[in-house]
Amino acid sequence: MKEIIEKITDVFFSLKNPEMIAAFVLFVVFFTAVYYLMFKFLKENGATMLSAIIAVSVIVLGFIRIFTINYGISELFTLMPLFFVFVIALVYSVEIKRFLWSRVNKISDNKHNIKNLDEAEITQCIDEIIRAVQNMSKNDVGAIIVLANGNMPANILESGVKVEADITSQLIESVFFPKTPLHDGAMIINGTKILAAGCFLPLSQKENLPKELGTRHRAGIGITEMIDVTTILVSEETGIISIVKAGNITRYIDSEALRKTLHKFYWQDIAAK
Amino acid sequence: MKKREQIKMPVWAKILLGFGCVLLAVFTFVVVMI
């Protein structure tokens, strides 16, 4: 133990000459940047647990190397941070590509039009959405509308058809009208615009969902489990309106509750951005 | 019309994370150099 402490202090004592100090500073700056970007990236991709596991693994493996330094344990331990980076790069290759792409191309697909909100315009949007949802509910037309606030992943938007149109009940109803090409996918509303339609959403893998909830409901729940959005669902079989937030579905929504949700979405979720 | 809490990482969390990363980097240096 004494020997180990001596060795550690030796490392810091060796930082006397300028070359070693420069090497130390460069090393620390480089690894700080690698760790920081790695943890930030993992958090953005909802893998907070994985970043905790990696941090603990680095510390534990580091101590294993320190304590076994006299027993000729492989020098490979020194490569462990790079090993974790390599594993993450393999697992998240698609996300890394998107992450780098978004850093290089500063223009975001879906972040415009969420600022400078006009109150009259928003009231009109809310009315139009409610009218469309109620009409579809009355006519048993299935629908899935995602209310995003500039946080929709690009791959989901790209899976559908870009619309970029003002919100009108006629347009919403037309998109979800049965047997039309886009009726099966999700409509993404961002601010006062319909951003895309016919989008594919990730399905929820929850096992305790009621049997009567079909794939559309699973998709509506799935997306809210992944990112902070609200989903409005209209059942094709029963016309029941549901709202999903953070993976929790509330069924049998009336127009008043729908108005409250939309009001909250526009005045708190978007305004907070 | 009150604003909701920011979902983005707050500044103190970023500073904390940065500090943790510096410590981890120094630890890695010790592990490599020992």
# chains A, B, ... in the order shown; residues from 1 in each chain; ligands from 1

$ interface_residues --of "chain A" --to "chain B" --cutoff "6 Å" --atoms "only C-alpha atoms" --output "number ranges by chain"
A: 28, 31-32, 35-36, 62, 78, 267-268, 272

$ residues_around --residues "range 166-179 of chain A" --least-positions-apart "2" --cutoff "6 Å" --atoms "only C-alpha atoms" --output "list of chain:residue names"
A:Cys125, A:Glu128, A:Ile129, A:Ala132, A:Ala143, A:Leu182, A:His183, A:Lys193, A:Ile194

$ write_last_selection --atoms "N, CA, C and O atoms" --output "PDB file, in the first residue's frame"
ATOM      1  N   CYS A 125     -54.934  28.124 -33.624  1.00  0.00           N
ATOM      2  CA  CYS A 125     -54.344  26.783 -33.765  1.00  0.00           C
ATOM      3  C   CYS A 125     -55.046  25.791 -32.848  1.00  0.00           C
ATOM      4  O   CYS A 125     -55.399  24.682 -33.259  1.00  0.00           O
ATOM      5  N   GLU A 128     -58.478  24.969 -34.112  1.00  0.00           N
ATOM      6  CA  GLU A 128     -58.430  24.115 -35.310  1.00  0.00           C
ATOM      7  C   GLU A 128     -58.127  22.661 -34.929  1.00  0.00           C
ATOM      8  O   GLU A 128     -58.753  21.740 -35.438  1.00  0.00           O
ATOM      9  N   ILE A 129     -57.170  22.496 -34.008  1.00  0.00           N
ATOM     10  CA  ILE A 129     -56.802  21.124 -33.606  1.00  0.00           C
ATOM     11  C   ILE A 129     -57.997  20.460 -32.920  1.00  0.00           C
ATOM     12  O   ILE A 129     -58.348  19.318 -33.215  1.00  0.00           O
ATOM     13  N   ALA A 132     -60.687  19.509 -35.426  1.00  0.00           N
ATOM     14  CA  ALA A 132     -60.288  18.339 -36.224  1.00  0.00           C
ATOM     15  C   ALA A 132     -60.406  17.064 -35.398  1.00  0.00           C
ATOM     16  O   ALA A 132     -60.965  16.065 -35.854  1.00  0.00           O
ATOM     17  N   ALA A 143     -56.436   8.728 -35.552  1.00  0.00           N
ATOM     18  CA  ALA A 143     -55.450   9.792 -35.756  1.00  0.00           C
ATOM     19  C   ALA A 143     -54.393   9.756 -34.667  1.00  0.00           C
ATOM     20  O   ALA A 143     -54.654   9.300 -33.548  1.00  0.00           O
ATOM     21  N   LEU A 182     -51.179   9.032 -46.315  1.00  0.00           N
ATOM     22  CA  LEU A 182     -50.506   9.442 -45.074  1.00  0.00           C
ATOM     23  C   LEU A 182     -51.292   9.110 -43.802  1.00  0.00           C
ATOM     24  O   LEU A 182     -50.815   9.376 -42.706  1.00  0.00           O
ATOM     25  N   HIS A 183     -52.480   8.537 -43.943  1.00  0.00           N
ATOM     26  CA  HIS A 183     -53.364   8.422 -42.769  1.00  0.00           C
ATOM     27  C   HIS A 183     -52.824   7.509 -41.680  1.00  0.00           C
ATOM     28  O   HIS A 183     -53.203   7.632 -40.520  1.00  0.00           O
ATOM     29  N   LYS A 193     -47.189  25.294 -36.819  1.00  0.00           N
ATOM     30  CA  LYS A 193     -47.082  24.654 -38.140  1.00  0.00           C
ATOM     31  C   LYS A 193     -47.254  23.142 -38.035  1.00  0.00           C
ATOM     32  O   LYS A 193     -46.842  22.525 -37.049  1.00  0.00           O
ATOM     33  N   ILE A 194     -47.819  22.574 -39.083  1.00  0.00           N
ATOM     34  CA  ILE A 194     -47.797  21.115 -39.211  1.00  0.00           C
ATOM     35  C   ILE A 194     -46.496  20.816 -39.935  1.00  0.00           C
ATOM     36  O   ILE A 194     -46.296  21.238 -41.069  1.00  0.00           O
TER      37      ILE A 194
END

$ residues_around --residues "Leu157 in chain A" --least-positions-apart "2" --cutoff "8 Å" --atoms "only C-alpha atoms" --output "PyMOL selection string"
chain A and resi 152-155+159-162+188+195-196+199

$ residues_around --residues "range 84-93 of chain A" --least-positions-apart "4" --cutoff "12 Å" --atoms "only C-alpha atoms" --output "PyMOL selection string"
chain A and resi 31+34-39+41-42+44-47+50-51+53-58+61+77-80+97-100

$ write_last_selection --atoms "C-alpha atoms" --output "PDB file, in the first residue's frame"
ATOM      1  CA  PHE A  31      -9.579  13.316 -21.697  1.00  0.00           C
ATOM      2  CA  VAL A  34     -13.625  13.080 -24.361  1.00  0.00           C
ATOM      3  CA  TYR A  35     -15.396  12.242 -21.083  1.00  0.00           C
ATOM      4  CA  TYR A  36     -17.539  15.390 -21.159  1.00  0.00           C
ATOM      5  CA  LEU A  37     -18.714  14.901 -24.736  1.00  0.00           C
ATOM      6  CA  MET A  38     -19.295  11.195 -24.091  1.00  0.00           C
ATOM      7  CA  PHE A  39     -21.425  11.750 -20.963  1.00  0.00           C
ATOM      8  CA  PHE A  41     -24.006  12.601 -25.632  1.00  0.00           C
ATOM      9  CA  LEU A  42     -25.192   9.633 -23.583  1.00  0.00           C
ATOM     10  CA  GLU A  44     -28.991  13.388 -24.628  1.00  0.00           C
ATOM     11  CA  ASN A  45     -29.700   9.894 -25.892  1.00  0.00           C
ATOM     12  CA  GLY A  46     -31.397   8.849 -22.663  1.00  0.00           C
ATOM     13  CA  ALA A  47     -28.580   6.586 -21.489  1.00  0.00           C
ATOM     14  CA  LEU A  50     -24.872   3.737 -19.095  1.00  0.00           C
ATOM     15  CA  SER A  51     -22.784   6.860 -18.404  1.00  0.00           C
ATOM     16  CA  ILE A  53     -21.783   2.488 -15.389  1.00  0.00           C
ATOM     17  CA  ILE A  54     -18.912   3.740 -17.570  1.00  0.00           C
ATOM     18  CA  ALA A  55     -17.742   6.268 -14.946  1.00  0.00           C
ATOM     19  CA  VAL A  56     -17.791   3.601 -12.226  1.00  0.00           C
ATOM     20  CA  SER A  57     -16.046   1.089 -14.534  1.00  0.00           C
ATOM     21  CA  VAL A  58     -13.256   3.571 -15.324  1.00  0.00           C
ATOM     22  CA  LEU A  61     -10.609  -0.675 -13.498  1.00  0.00           C
ATOM     23  CA  PHE A  77      -5.816  -1.196 -18.624  1.00  0.00           C
ATOM     24  CA  THR A  78      -4.390   2.084 -19.802  1.00  0.00           C
ATOM     25  CA  LEU A  79      -6.452   1.768 -22.946  1.00  0.00           C
ATOM     26  CA  MET A  80      -9.770   1.344 -21.151  1.00  0.00           C
ATOM     27  CA  LYS A  97     -23.587  10.510 -37.140  1.00  0.00           C
ATOM     28  CA  ARG A  98     -26.697  12.604 -36.467  1.00  0.00           C
ATOM     29  CA  PHE A  99     -25.027  14.386 -33.521  1.00  0.00           C
ATOM     30  CA  LEU A 100     -22.001  15.350 -35.617  1.00  0.00           C
TER      31      LEU A 100
END

$ atom_distance --atom1 "CA of Asn149 in chain A" --atom2 "CA of Ile249 in chain A"
19.2 Å

$ decode --residues "range 12-29 of chain A" --atoms "C-alpha atoms" --output "compact mmCIF listing (two decimals), in the first residue's frame"
# COMPACT_ATOMS: atom_id res chain seq x y z
CA PHE A 12 2.97 14.13 -9.48
CA PHE A 13 6.62 14.80 -8.58
CA SER A 14 7.57 13.97 -12.14
CA LEU A 15 5.56 17.03 -13.19
CA LYS A 16 8.53 19.27 -12.57
CA ASN A 17 9.93 19.71 -16.02
CA PRO A 18 8.00 21.79 -18.58
CA GLU A 19 7.63 18.90 -21.04
CA MET A 20 5.88 16.75 -18.45
CA ILE A 21 3.63 19.63 -17.39
CA ALA A 22 2.68 20.26 -21.01
CA ALA A 23 1.99 16.56 -21.50
CA PHE A 24 -0.09 16.47 -18.31
CA VAL A 25 -2.14 19.53 -19.31
CA LEU A 26 -2.72 18.20 -22.83
CA PHE A 27 -3.68 14.78 -21.49
CA VAL A 28 -6.14 16.19 -18.96
CA VAL A 29 -7.67 18.61 -21.45
